[in-house]
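**Student:** The structure is given below, and queries will be raised subsequently.
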Amino acid sequence: MERTLKPAARPRVLRVPAYAKVNLGLEVLGVREDGYHELRTLFQTIDLHDDVVIRPRRRGLEVRCDHPDVPQDERNLALRAALELRRHAGIERGAEIAISKRIPVGGGLGGGSSDAAAVLMALDRLWAVGLGPAGLHGLARRLGADVPFFLVGGTALGLARGDEVYPLRCQVRGHVVLVDPGRPISTAAVFARMDRGLTARENSNKIFRFVSSDLEGFRAFPILANDLEQAALEEAPDLADQVGRIRGILIREGAALAALSGSGSSFFGLYDDARRARGAQSALTAAGFIVLRARTVSLDQYRNSWARSLGAWRDARGSNQSRSRHHGDHGRQGHPGRGRKAEGLRVHRV
Ligand code: C5P
């Protein structure tokens, strides 16, 4: 009997993980003419992620989120991303966007920016706009300074407002222990405080020293720092004594780096192995902190994750019309942070 092969059913929804980031280092170089700050930062994606589920609609754009502090109107960056893409492409399509939040809100972990980048990437595919990450960069930077990084992922250098992003050939692999103080800090308020105290800064370019070292093992990490830390603690004085205890525990448990992420409020430690990271997690939990553990997501793991999420849609459509325009569409897949031996703060050259 002859069997006919049915084409794969088109999935009704597109599910994409939106990963968090930490800033391994952050230098504020001065105030720009547009009021923003000139930065030099080292971004790193981690496998803590929100889930973004997108259902196509004929018309109408709608966003829902299960977190009470996330607005569901046009203040929501993910909805603005969808509106901007639709306007840019001059199309009349719709979508329903559902966000399950796991990334702490207002924690300096880029959750809102990552959700927005995920929506841009997913709708670019779903609506067959075909811009790809490079074509989406202009839209992304208009949405927010951190959004372009999430079109790239992995270990990357951020310059200008943080929106000029260059992936590094050396990708950091390690374990991250995050402390969520459970209170948001406003990024704009931290930068404003920074301005009041901003004297002429010595341009020590620690990040240059870091990226130009051989990056083997731990040695280069302790030179990195976050210039926003002091202003963030002035903005949230209730965190100041907690931060001393958190840093003490992270370092005592063997962190290669213990720092504030972005403008806070999350603090993190970077570890070379899971055992040390678990030790830090237990010690911090025993001290009463809310702790999350994650692994770094490298550039290739990030790309593979996108290829897997978006590929399901493409394969089911039986079309690869925009394939060559997506840098994520190559390589074998593997869940970021899993299926690979990830012990050691190893540096992976891409
Ligand atoms: O771009 P985004 O909306 O994420 O930035 C939030 C706020 O952080 C901006 O309104 C600005 O006050 C501040 N910021 C800055 N310089 C940067 C990035 C952000 O002053 N490079």
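Letters A, B, ... mark the chains of the structure tokens in the order given; residue numbers begin at 1 per chain; ligand numbers begin at 1, in order shown.
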Which residues form the shell of 10 Å around ligand 1 when you count only C-alpha atoms and all ligand atoms, given as a compact mmCIF listing (two decimals) with C-alpha atoms, in the first residue's frame?

**Tutor:**
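Wrote out_14.txt, looks like this:
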# COMPACT_ATOMS: atom_id res chain seq x y z
CA VAL A 28 30.36 54.88 32.37
CA LEU A 29 32.52 57.17 30.25
CA GLY A 30 30.45 60.37 30.29
CA VAL A 31 27.18 62.02 29.32
CA ARG A 32 26.24 62.17 25.63
CA ASP A 34 21.30 62.98 23.70
CA GLY A 35 21.30 62.78 27.53
CA TYR A 36 22.19 59.10 27.54
CA HIS A 37 25.55 57.87 28.84
CA GLU A 38 28.46 56.64 26.86
CA LEU A 39 29.14 53.11 28.09
CA ARG A 40 31.58 50.32 27.71
CA THR A 41 30.07 47.10 29.02
CA LEU A 77 8.20 47.08 25.57
CA GLY A 108 19.12 44.91 35.96
CA GLY A 110 17.32 42.91 30.95
CA GLY A 112 11.88 43.57 29.41
CA SER A 113 14.50 44.18 26.73
CA ALA A 140 15.72 47.43 18.58
CA ARG A 141 17.86 50.43 19.55
CA ARG A 142 14.90 52.78 19.32
CA LEU A 143 13.04 50.57 21.81
CA GLY A 144 15.83 50.61 24.43
CA ALA A 145 19.58 50.62 24.86
CA ASP A 146 19.76 46.94 25.95
CA VAL A 147 17.45 45.53 23.26
CA GLY A 158 28.45 46.92 24.29
CA LEU A 159 29.59 50.43 23.31
CA ALA A 160 27.91 53.85 22.80
CA ARG A 161 24.62 53.66 24.78
CA GLY A 162 25.27 49.91 25.14
CA ASP A 163 23.44 49.46 21.84
CA SER A 186 14.81 52.59 38.24
CA THR A 187 17.63 52.68 35.67
CA ALA A 188 16.90 56.31 34.80
CA ALA A 189 17.14 57.31 38.49
CA VAL A 190 20.51 55.56 38.91
CA PHE A 191 21.98 57.30 35.84
CA ALA A 192 20.63 60.65 37.08
CA MET A 194 25.54 59.18 38.62
CA ASP A 195 25.45 62.57 36.83
CA GLY A 262 23.32 46.76 35.23
CA SER A 263 21.72 49.41 37.43

**Student:** Compile the contact shell of Leu109 (chain A) as an MDAnalysis selection string: residues with an atom at most 10 Å away, counting only C-alpha atoms, same-chain residues fewer than 4 positions apart removed.

**Tutor:** chainID A and resid 19:23 44:46 48 103:105 113:114 146 178 260:267

**Student:** With C-alpha atoms retained, write the just-selected residues as a PDB file, in the first residue's frame.

**Tutor:**
ATOM      1  CA  TYR A  19      17.111  34.907  28.237  1.00  0.00           C
ATOM      2  CA  ALA A  20      18.345  37.242  30.972  1.00  0.00           C
ATOM      3  CA  LYS A  21      21.727  38.987  30.933  1.00  0.00           C
ATOM      4  CA  VAL A  22      24.257  40.088  33.492  1.00  0.00           C
ATOM      5  CA  ASN A  23      26.879  42.801  32.979  1.00  0.00           C
ATOM      6  CA  GLN A  44      26.600  37.930  29.136  1.00  0.00           C
ATOM      7  CA  THR A  45      23.395  35.948  28.525  1.00  0.00           C
ATOM      8  CA  ILE A  46      22.386  33.362  31.135  1.00  0.00           C
ATOM      9  CA  LEU A  48      17.334  32.095  33.308  1.00  0.00           C
ATOM     10  CA  ILE A 103      13.363  37.070  35.222  1.00  0.00           C
ATOM     11  CA  PRO A 104      13.028  39.462  38.193  1.00  0.00           C
ATOM     12  CA  VAL A 105      11.472  42.784  37.135  1.00  0.00           C
ATOM     13  CA  SER A 113      14.505  44.183  26.727  1.00  0.00           C
ATOM     14  CA  SER A 114      14.923  40.462  26.105  1.00  0.00           C
ATOM     15  CA  ASP A 146      19.758  46.943  25.949  1.00  0.00           C
ATOM     16  CA  LEU A 178      21.921  35.501  41.384  1.00  0.00           C
ATOM     17  CA  LEU A 260      25.825  44.280  40.593  1.00  0.00           C
ATOM     18  CA  SER A 261      24.112  43.627  37.255  1.00  0.00           C
ATOM     19  CA  GLY A 262      23.323  46.759  35.226  1.00  0.00           C
ATOM     20  CA  SER A 263      21.721  49.407  37.432  1.00  0.00           C
ATOM     21  CA  GLY A 264      20.627  46.692  39.913  1.00  0.00           C
ATOM     22  CA  SER A 265      19.020  45.497  41.987  1.00  0.00           C
ATOM     23  CA  SER A 266      20.290  41.951  41.269  1.00  0.00           C
ATOM     24  CA  PHE A 267      23.704  40.984  42.466  1.00  0.00           C
TER      25      PHE A 267
END

**Student:** Please return, as a list in words, all residues of region 140-228 of chain A that DSSP assigns to strand (DSSP E) on the basis of the backbone.

**Tutor:**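 Filtering region 140-228 of chain A down to strand (DSSP E) leaves Thr155, Ala156, Leu157, Gly158, Leu159, Ala160, Glu164, Val165, Tyr166, Pro167, Cys170, Gln171, Val172, Arg173, His175, Val176, Val177, Leu178 and Val179 of chain A.
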
**Student:** Given only C-alpha atoms as the basis, pick out the residue of A:Ile91, A:Leu224, A:Val70, A:Val176 nearest to Arg58 (chain A).

**Tutor:**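 Nearest candidate to Arg58 (chain A) out of A:Ile91, A:Leu224, A:Val70, A:Val176: A:Ile91.
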
**Student:** Taking the chain letters and numbering used in this document, name the residues of region 88-283 of chain A that DSSP puts in alpha helix (DSSP H), as a count of residues only.

**Tutor:** 78

**Student:** Go ahead and compute the interatomic distance for CA of Arg278 (chain A) and CA of Arg102 (chain A), in Å to one decimal.

**Tutor:** 19.7 Å

**Student:** Distance table requested - region 161-238 of chain A against region 290-299 of chain A, cut-off 12 Å, only C-alpha atoms: one row per qualifying residue with the closest atom pair and its distance in Å to one decimal, ordered by chain and rising residue number, as CSV.

**Tutor:**
residue,atom,partner,partner_atom,distance
A:Tyr166,CA,A:Leu299,CA,11.0
A:Pro167,CA,A:Leu299,CA,7.5
A:Leu168,CA,A:Leu299,CA,8.6
A:Arg169,CA,A:Leu299,CA,9.2
A:Cys170,CA,A:Ser298,CA,9.5
A:Gln171,CA,A:Ser298,CA,5.9
A:Val172,CA,A:Ser298,CA,6.9
A:Arg173,CA,A:Thr296,CA,5.5
A:Gly174,CA,A:Thr296,CA,5.6
A:His175,CA,A:Arg295,CA,4.5
A:Val176,CA,A:Ala294,CA,5.1
A:Val177,CA,A:Arg293,CA,4.6
A:Leu178,CA,A:Leu292,CA,5.0
A:Val179,CA,A:Val291,CA,4.7
A:Asp180,CA,A:Ile290,CA,5.6
A:Pro181,CA,A:Ile290,CA,6.8
A:Gly182,CA,A:Ile290,CA,7.8
A:Arg183,CA,A:Ile290,CA,11.4

**Student:** Separation of CA of Tyr271 (chain A) and CA of Leu250 (chain A), in Å?

**Tutor:**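 Going from CA of Tyr271 (chain A) over to CA of Leu250 (chain A), I get 9.2 Å.
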
**Student:** Any idea what the distance is between CA of Ile246 (chain A) and CA of Tyr302 (chain A)?

**Tutor:**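 Atom-to-atom, CA of Ile246 (chain A) and CA of Tyr302 (chain A) are spaced 29.1 Å apart.
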